[in-house]
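Trainee: First the structure, then my questions, so here it is.
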Amino acid sequence: MPETVAMTTALFTHSACLYHETPPGHPESSDRLRAVLRALEDESFQYLVREEAPPAAREELTRVHPSFFVDAVMGAIPESGYADLDPDTHVSPGSGEAAMRAAGALVAAVDRVMSGKVDNAFCAVRPPGHHAEPTRAMGFCLFNNVAVGALHARARHGLKRIAVVDFDVHHGNGTQAMFEEDGDLFFASSHQMPLYPGTGRPQERGRTNNIHNVALDPGAGGHEFRQAWDNTILPALDAFNPDFVLISAGFDAHRRDPLANLNLTEADYAWATAKVCEIAKARCAGRVVSTLEGGYDLKALADSTVAHVKALMAA
């Protein structure tokens with residue numbers, strides 16, 4: 001009998017992502033990434049392929065965001081202190097490089113998976129990205145990292161049908177805004193509603209029914225979450241027949257998270273990850289790249305990331 005070959009998973013990160021400083025008390029702090037990286041130092045992750053995230057090239061960003069917006073964000077980076085892009089979204093002297101590395105991680109991860117040298121990848125980066133619209137930084141996000149990765153998969157590797165699935169507790173309005181007019185891009189999200197940013201109604205379907213939103217009521221837990229994925233998101237992803245799958249992995253639907261009111265556990269994230277990887281294995285040779293989005297209770301964030309990355313490694 002042939003030997004069972006374990007999946008090879010890459011971890012992309014960079015210390016520059018720790019130097020995107022936010023004002024004291026802000027939930028999207030560098031302690032989030034420290035907690036994640038500390039958890040991934042455990043011996044059970046000794047076989048992770050650890051990679052340094054490069055900065056995104058300008059043309060990689062401008063496939064998603066117009067040049068004037070990239071210039072505006074980078075031009076807003078202060079020499080000291082903080083600058084406000086909106087009431088929730090702030091930049092500091094280290095934010096420019098952090099944002100470039102966060103987007104660049106997705107590009108490099110897509111390249112590494114497409115090379116066949118690894119099977120899948122997780123990008124432990126910040127600032128997060130899924131709220132960033134083409135011309136608007138918002139919701140702690142500067143550039144839309146997952147969209148940068150998606151459009152790079154097309155431009156560099158000639159892939160056509162790219163899917164993003166998102167289990168952050170907040171709707172990925174930025175990714176939806178970038179994908180909804182292109183029927184060869186797929187976006188599916190489960191999220192709490194009502195909640196920031198107020199988008200993500202099931203009626204928002206995109207140009208060719210390529211957008212799939214499942215709104216979860218406050219207080220919903222693993223049963224409702226798994227139903228949403230089993231009944232709507234996973235069948236739609238499978239029917240889309242993607243060439244590549246990306247995951248916006250926010251862990252703020254966890255029951256411990258302070259910014260929302262869902263009741264997921266680590267087991268729910270492991271389950272969803274495994275289900276997505278099953279479809280990717282059947283449809284696109286297991287090509288999956290995941291990136292960190294939200295998650296604001298440090299223990300819940302670390303434990304959920306561990307469950308997620310272990311599921312990637314076991315896929």
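Chain labels run A, B, ... following the order of the structure tokens; each chain numbers its residues from 1, and ligands are numbered from 1 in the order shown.
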Give me the residues near A:Arg207 as a ChimeraX atom specification, where near means some atom within 8 Å (using only C-alpha atoms) and where sequence neighbours in that chain fewer than 4 positions away do not count.
Mentor: /A:180-183
Trainee: Using only C-alpha atoms, determine which residues lie at most 9 Å from A:Ser29, disregarding the query and same-chain residues fewer than 6 positions distant; provide the list as a PDB file with C-alpha atoms, in the first residue's frame.
Mentor:
ATOM      1  CA  LEU A  18       4.001  43.968  14.655  1.00  0.00           C
ATOM      2  CA  HIS A  20       1.573  48.735  12.742  1.00  0.00           C
ATOM      3  CA  GLU A  21       0.709  50.444  16.012  1.00  0.00           C
ATOM      4  CA  THR A  22      -2.832  51.416  16.959  1.00  0.00           C
ATOM      5  CA  PRO A  23      -3.870  53.788  19.762  1.00  0.00           C
ATOM      6  CA  TYR A 296      -9.888  40.124  19.564  1.00  0.00           C
TER       7      TYR A 296
END
Trainee: Can you tell me, as a list in words, what residues are no more than 12 Å from A:Leu85 when counting only C-alpha atoms, ignoring any on the same chain fewer than 5 positions away?
Mentor: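 The contact residues come out as Thr22, Phe69, Ala72, Val73, Met74, Gly75, Ala76, Ile77, Pro78, His90, Val91, Ser92, Ser95, Ala132, Thr135, Arg136, Ala137, Met138, Gly139, Phe140, Cys141 and Leu142 of chain A.
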Trainee: Output the selection as a PDB file, in the first residue's frame - C-alpha atoms for each residue.
Mentor:
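Okay, again.pdb is ready:
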ATOM      1  CA  THR A  22      -2.832  51.416  16.959  1.00  0.00           C
ATOM      2  CA  PHE A  69      -5.888  55.267  -3.271  1.00  0.00           C
ATOM      3  CA  ALA A  72      -3.332  58.286  -0.374  1.00  0.00           C
ATOM      4  CA  VAL A  73      -2.907  55.474   2.150  1.00  0.00           C
ATOM      5  CA  MET A  74       0.870  55.502   1.951  1.00  0.00           C
ATOM      6  CA  GLY A  75       0.894  59.302   2.028  1.00  0.00           C
ATOM      7  CA  ALA A  76      -1.156  59.277   5.235  1.00  0.00           C
ATOM      8  CA  ILE A  77       1.509  57.372   7.185  1.00  0.00           C
ATOM      9  CA  PRO A  78       2.779  59.789   9.861  1.00  0.00           C
ATOM     10  CA  HIS A  90      -5.504  54.348  12.293  1.00  0.00           C
ATOM     11  CA  VAL A  91      -1.956  54.367  10.946  1.00  0.00           C
ATOM     12  CA  SER A  92       1.395  54.927  12.617  1.00  0.00           C
ATOM     13  CA  SER A  95       1.863  50.904   9.162  1.00  0.00           C
ATOM     14  CA  ALA A 132     -11.018  47.543   2.666  1.00  0.00           C
ATOM     15  CA  THR A 135     -11.135  53.302  -2.612  1.00  0.00           C
ATOM     16  CA  ARG A 136     -11.791  53.203   1.125  1.00  0.00           C
ATOM     17  CA  ALA A 137      -9.796  52.002   4.122  1.00  0.00           C
ATOM     18  CA  MET A 138     -12.146  51.043   6.938  1.00  0.00           C
ATOM     19  CA  GLY A 139     -12.795  48.603   9.760  1.00  0.00           C
ATOM     20  CA  PHE A 140      -9.108  48.371  10.799  1.00  0.00           C
ATOM     21  CA  CYS A 141      -8.188  47.441   7.172  1.00  0.00           C
ATOM     22  CA  LEU A 142      -5.915  49.374   4.779  1.00  0.00           C
TER      23      LEU A 142
END
Trainee: With distances taken over only C-alpha atoms, which of A:Val64, A:Val306, A:Ala109, A:Ala153 is nearest to A:Ala267?
Mentor: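 Smallest distance to A:Ala267 is found for A:Val306.
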Trainee: Here is a test: counting only C-alpha atoms, which residue of A:Thr13, A:Thr199, A:Ser115, A:Asn241 is nearest to A:Ile279?
Mentor: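 So, comparing all the options, the nearest one is A:Asn241.
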Trainee: Mind the document's chain letters and residue numbers, and return as a PyMOL selection string the residues of stretch 78-289 of chain A that DSSP labels strand (DSSP E or B).
Mentor: chain A and resi 83-86+89-91+120-123+133+136+138+141+162-166+185-192+211-216+221+244-249+254+263-264+288-289
Trainee: Set the distance at 10 Å and use only C-alpha atoms: which residues neighbour stretch 209-216 of chain A once local chain neighbours fewer than 4 positions away are removed? I'd like the list as number ranges by chain.
Mentor: A: 163-166, 169-172, 176-177, 179-195, 199-205, 220-221, 224-225, 227-229, 231-233, 236-237, 240, 261-262
Trainee: Please write the residues from the selection above to a file, keeping N, CA and C atoms, as a tab-separated table (two decimals), in the first residue's frame.
Mentor:
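part.tsv written:
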chain	number	residue	atom	x	y	z
A	163	ALA	N	-12.13	31.71	-5.64
A	163	ALA	CA	-13.13	31.78	-4.58
A	163	ALA	C	-12.51	32.29	-3.29
A	164	VAL	N	-13.28	33.11	-2.59
A	164	VAL	CA	-12.93	33.52	-1.22
A	164	VAL	C	-14.11	33.16	-0.32
A	165	VAL	N	-13.82	32.44	0.75
A	165	VAL	CA	-14.82	32.17	1.78
A	165	VAL	C	-14.37	32.85	3.07
A	166	ASP	N	-15.32	33.34	3.84
A	166	ASP	CA	-15.03	34.26	4.95
A	166	ASP	C	-15.89	33.87	6.15
A	169	VAL	N	-16.67	37.23	11.95
A	169	VAL	CA	-18.01	37.58	12.45
A	169	VAL	C	-18.58	38.81	11.75
A	170	HIS	N	-17.71	39.63	11.16
A	170	HIS	CA	-18.15	40.81	10.42
A	170	HIS	C	-18.13	40.50	8.93
A	171	HIS	N	-19.11	41.01	8.22
A	171	HIS	CA	-19.19	40.77	6.78
A	171	HIS	C	-18.00	41.41	6.05
A	172	GLY	N	-17.45	40.68	5.10
A	172	GLY	CA	-16.32	41.18	4.31
A	172	GLY	C	-16.81	42.07	3.18
A	176	GLN	N	-16.54	41.67	-1.05
A	176	GLN	CA	-17.77	41.59	-1.84
A	176	GLN	C	-17.81	42.71	-2.88
A	177	ALA	N	-17.46	43.93	-2.48
A	177	ALA	CA	-17.50	45.06	-3.40
A	177	ALA	C	-16.57	44.84	-4.59
A	179	PHE	N	-15.70	41.87	-5.82
A	179	PHE	CA	-16.00	40.64	-6.56
A	179	PHE	C	-17.37	40.64	-7.23
A	180	GLU	N	-18.30	41.48	-6.78
A	180	GLU	CA	-19.70	41.26	-7.13
A	180	GLU	C	-20.02	41.44	-8.60
A	181	GLU	N	-19.19	42.19	-9.34
A	181	GLU	CA	-19.47	42.41	-10.76
A	181	GLU	C	-18.76	41.42	-11.68
A	182	ASP	N	-18.00	40.51	-11.13
A	182	ASP	CA	-17.21	39.56	-11.94
A	182	ASP	C	-17.66	38.14	-11.62
A	183	GLY	N	-18.35	37.52	-12.55
A	183	GLY	CA	-18.91	36.20	-12.30
A	183	GLY	C	-17.89	35.09	-12.13
A	184	ASP	N	-16.63	35.35	-12.45
A	184	ASP	CA	-15.58	34.35	-12.24
A	184	ASP	C	-14.88	34.52	-10.89
A	185	LEU	N	-15.36	35.45	-10.09
A	185	LEU	CA	-14.92	35.59	-8.71
A	185	LEU	C	-16.09	35.25	-7.81
A	186	PHE	N	-15.80	34.51	-6.74
A	186	PHE	CA	-16.83	33.99	-5.84
A	186	PHE	C	-16.52	34.48	-4.44
A	187	PHE	N	-17.56	34.94	-3.73
A	187	PHE	CA	-17.39	35.33	-2.34
A	187	PHE	C	-18.55	34.78	-1.53
A	188	ALA	N	-18.24	34.12	-0.44
A	188	ALA	CA	-19.27	33.60	0.47
A	188	ALA	C	-18.87	33.93	1.90
A	189	SER	N	-19.85	34.34	2.69
A	189	SER	CA	-19.58	34.79	4.05
A	189	SER	C	-20.70	34.38	4.99
A	190	SER	N	-20.33	33.91	6.17
A	190	SER	CA	-21.26	33.83	7.30
A	190	SER	C	-20.83	34.88	8.30
A	191	HIS	N	-21.79	35.57	8.90
A	191	HIS	CA	-21.47	36.70	9.76
A	191	HIS	C	-22.68	37.04	10.61
A	192	GLN	N	-22.42	37.71	11.71
A	192	GLN	CA	-23.52	38.15	12.56
A	192	GLN	C	-24.21	39.35	11.93
A	193	MET	N	-25.53	39.39	12.06
A	193	MET	CA	-26.31	40.54	11.62
A	193	MET	C	-27.48	40.71	12.58
A	194	PRO	N	-27.72	41.93	13.09
A	194	PRO	CA	-27.05	43.18	12.75
A	194	PRO	C	-25.67	43.31	13.42
A	195	LEU	N	-24.76	43.92	12.70
A	195	LEU	CA	-23.40	44.17	13.18
A	195	LEU	C	-22.67	44.97	12.11
A	199	THR	N	-23.52	45.45	5.93
A	199	THR	CA	-23.75	44.79	4.64
A	199	THR	C	-23.84	43.28	4.86
A	200	GLY	N	-24.11	42.55	3.77
A	200	GLY	CA	-24.10	41.10	3.85
A	200	GLY	C	-25.47	40.46	3.99
A	201	ARG	N	-26.49	41.13	3.46
A	201	ARG	CA	-27.82	40.52	3.46
A	201	ARG	C	-27.86	39.36	2.46
A	202	PRO	N	-28.64	38.35	2.71
A	202	PRO	CA	-28.73	37.24	1.76
A	202	PRO	C	-29.16	37.67	0.36
A	203	GLN	N	-29.86	38.78	0.26
A	203	GLN	CA	-30.32	39.26	-1.05
A	203	GLN	C	-29.19	39.84	-1.89
A	204	GLU	N	-28.04	40.09	-1.29
A	204	GLU	CA	-26.89	40.61	-2.04
A	204	GLU	C	-26.23	39.42	-2.74
A	205	ARG	N	-26.47	39.28	-4.05
A	205	ARG	CA	-26.09	38.06	-4.75
A	205	ARG	C	-25.03	38.25	-5.83
A	220	ALA	N	-26.21	33.06	18.06
A	220	ALA	CA	-26.09	31.81	17.32
A	220	ALA	C	-24.75	31.14	17.65
A	221	GLY	N	-24.74	29.81	17.57
A	221	GLY	CA	-23.55	29.04	17.90
A	221	GLY	C	-23.15	28.10	16.79
A	224	GLU	N	-25.90	26.55	14.26
A	224	GLU	CA	-26.37	27.45	13.22
A	224	GLU	C	-25.26	27.74	12.20
A	225	PHE	N	-24.05	27.90	12.68
A	225	PHE	CA	-22.89	28.15	11.80
A	225	PHE	C	-22.69	26.98	10.85
A	227	GLN	N	-24.84	24.70	9.96
A	227	GLN	CA	-25.98	24.65	9.03
A	227	GLN	C	-25.78	25.63	7.88
A	228	ALA	N	-25.33	26.84	8.20
A	228	ALA	CA	-25.12	27.85	7.17
A	228	ALA	C	-24.10	27.38	6.14
A	229	TRP	N	-23.05	26.77	6.62
A	229	TRP	CA	-22.01	26.30	5.71
A	229	TRP	C	-22.46	25.05	4.96
A	231	ASN	N	-25.53	24.04	4.26
A	231	ASN	CA	-26.70	24.22	3.41
A	231	ASN	C	-26.50	25.24	2.30
A	232	THR	N	-25.60	26.20	2.52
A	232	THR	CA	-25.47	27.29	1.56
A	232	THR	C	-24.05	27.45	1.03
A	233	ILE	N	-23.10	27.70	1.93
A	233	ILE	CA	-21.77	28.12	1.47
A	233	ILE	C	-21.00	26.99	0.80
A	236	ALA	N	-22.44	25.95	-2.64
A	236	ALA	CA	-22.18	26.99	-3.62
A	236	ALA	C	-20.72	27.00	-4.05
A	237	LEU	N	-19.81	26.82	-3.09
A	237	LEU	CA	-18.39	26.76	-3.41
A	237	LEU	C	-18.09	25.58	-4.33
A	240	PHE	N	-19.35	26.23	-7.81
A	240	PHE	CA	-18.55	27.24	-8.51
A	240	PHE	C	-17.35	26.62	-9.22
A	261	ASN	N	-21.35	38.75	19.17
A	261	ASN	CA	-22.23	37.96	20.03
A	261	ASN	C	-22.54	36.58	19.48
A	262	LEU	N	-21.61	35.98	18.73
A	262	LEU	CA	-21.78	34.59	18.32
A	262	LEU	C	-21.05	33.70	19.31
Trainee: Which residue, A:Phe251, A:Tyr82, A:Phe68, A:Tyr19, has the smallest gap to A:Arg126 when you use only C-alpha atoms?
Mentor: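 Closest candidate: A:Tyr19.
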Trainee: For the atom pair atom CA of A:Lys275 and atom CA of A:Ala311, what is the interatomic distance in Å to one decimal place?
Mentor: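 Atom CA of A:Ala311 lies 9.5 Å from atom CA of A:Lys275.
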Trainee: Out of A:Gly206, A:Ala150, A:Gly116, A:Ala10, which residue has the shortest atom-to-atom distance to A:Phe45 when counting only C-alpha atoms?
Mentor: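 Of A:Gly206, A:Ala150, A:Gly116, A:Ala10, the one nearest A:Phe45, counting only C-alpha atoms, is A:Ala10.
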Trainee: Would you kindly return, as an mmCIF file with C-alpha atoms, in the first residue's frame, each protein, DNA or RNA residue with an atom no farther than 10 Å from any atom of A:Leu48, considering only C-alpha atoms and excluding same-chain residues fewer than 3 positions away?
Mentor:
data_model
loop_
_atom_site.group_PDB
_atom_site.id
_atom_site.type_symbol
_atom_site.label_atom_id
_atom_site.label_comp_id
_atom_site.auth_asym_id
_atom_site.auth_seq_id
_atom_site.Cartn_x
_atom_site.Cartn_y
_atom_site.Cartn_z
ATOM 1 C CA MET A 7 0.039 17.890 3.713
ATOM 2 C CA THR A 8 2.737 20.529 3.696
ATOM 3 C CA THR A 9 1.549 23.864 5.052
ATOM 4 C CA ALA A 10 3.465 27.134 4.846
ATOM 5 C CA LEU A 11 3.267 29.975 7.361
ATOM 6 C CA PHE A 12 3.878 33.454 5.954
ATOM 7 C CA LEU A 40 2.354 28.482 16.369
ATOM 8 C CA GLU A 41 5.739 27.962 18.031
ATOM 9 C CA SER A 44 3.072 20.360 17.037
ATOM 10 C CA PHE A 45 3.887 22.959 14.355
ATOM 11 C CA GLU A 51 8.425 31.934 5.210
ATOM 12 C CA VAL A 118 3.604 23.402 -0.382
ATOM 13 C CA ALA A 121 -0.627 28.209 3.428
ATOM 14 C CA PHE A 122 -1.668 30.452 6.301
ATOM 15 C CA VAL A 309 -3.763 25.628 11.028
ATOM 16 C CA LYS A 310 -3.880 22.046 12.295
ATOM 17 C CA MET A 313 -1.956 20.593 7.935
#
Trainee: With distances taken over only C-alpha atoms, which residue among A:Ala124, A:Ala39, A:Met100, A:Met114 lies nearest A:Arg156?
Mentor: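 Nearest candidate to A:Arg156 out of A:Ala124, A:Ala39, A:Met100, A:Met114: A:Met114.
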Trainee: Just the number, please: distance in Å from atom CA of A:Gly149 to atom CA of A:Asp71, one decimal.
Mentor: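 That distance, rounded to one decimal, is 19.7 Å.
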Trainee: Within 10 Å of A:Arg287, counting only C-alpha atoms, which residues show up once you throw out same-chain ones fewer than 4 positions away? Write them as an NGL selection string, please.
Mentor: :A and (110 or 113-114 or 116 or 118-121 or 242-246 or 277 or 279-281 or 283)
Trainee: If you keep C-alpha atoms, can you produce a file of those selected residues as a PDB file, in the first residue's frame?
Mentor:
ATOM      1  CA  VAL A 110      -0.304  31.896  -3.789  1.00  0.00           C
ATOM      2  CA  VAL A 113       1.146  26.847  -3.455  1.00  0.00           C
ATOM      3  CA  MET A 114       1.086  27.125  -7.245  1.00  0.00           C
ATOM      4  CA  GLY A 116       3.705  22.728  -5.735  1.00  0.00           C
ATOM      5  CA  VAL A 118       3.604  23.402  -0.382  1.00  0.00           C
ATOM      6  CA  ASP A 119      -0.008  22.242  -0.440  1.00  0.00           C
ATOM      7  CA  ASN A 120      -1.592  25.183   1.362  1.00  0.00           C
ATOM      8  CA  ALA A 121      -0.627  28.209   3.428  1.00  0.00           C
ATOM      9  CA  PRO A 242     -12.895  27.051  -8.251  1.00  0.00           C
ATOM     10  CA  ASP A 243      -9.345  27.007  -9.580  1.00  0.00           C
ATOM     11  CA  PHE A 244      -8.084  28.344  -6.225  1.00  0.00           C
ATOM     12  CA  VAL A 245      -9.663  28.935  -2.802  1.00  0.00           C
ATOM     13  CA  LEU A 246      -8.734  31.635  -0.298  1.00  0.00           C
ATOM     14  CA  CYS A 277     -10.136  21.871   2.075  1.00  0.00           C
ATOM     15  CA  ILE A 279     -13.816  20.815  -1.737  1.00  0.00           C
ATOM     16  CA  ALA A 280     -10.502  22.338  -2.764  1.00  0.00           C
ATOM     17  CA  LYS A 281      -8.964  18.868  -2.984  1.00  0.00           C
ATOM     18  CA  ARG A 283     -11.893  20.815  -7.405  1.00  0.00           C
TER      19      ARG A 283
END
Trainee: Quick one: distance from atom CA of A:Thr265 to atom CA of A:Ala315 in Å, one decimal?
Mentor: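 Atom CA of A:Ala315 lies at a distance of 19.5 Å from atom CA of A:Thr265.
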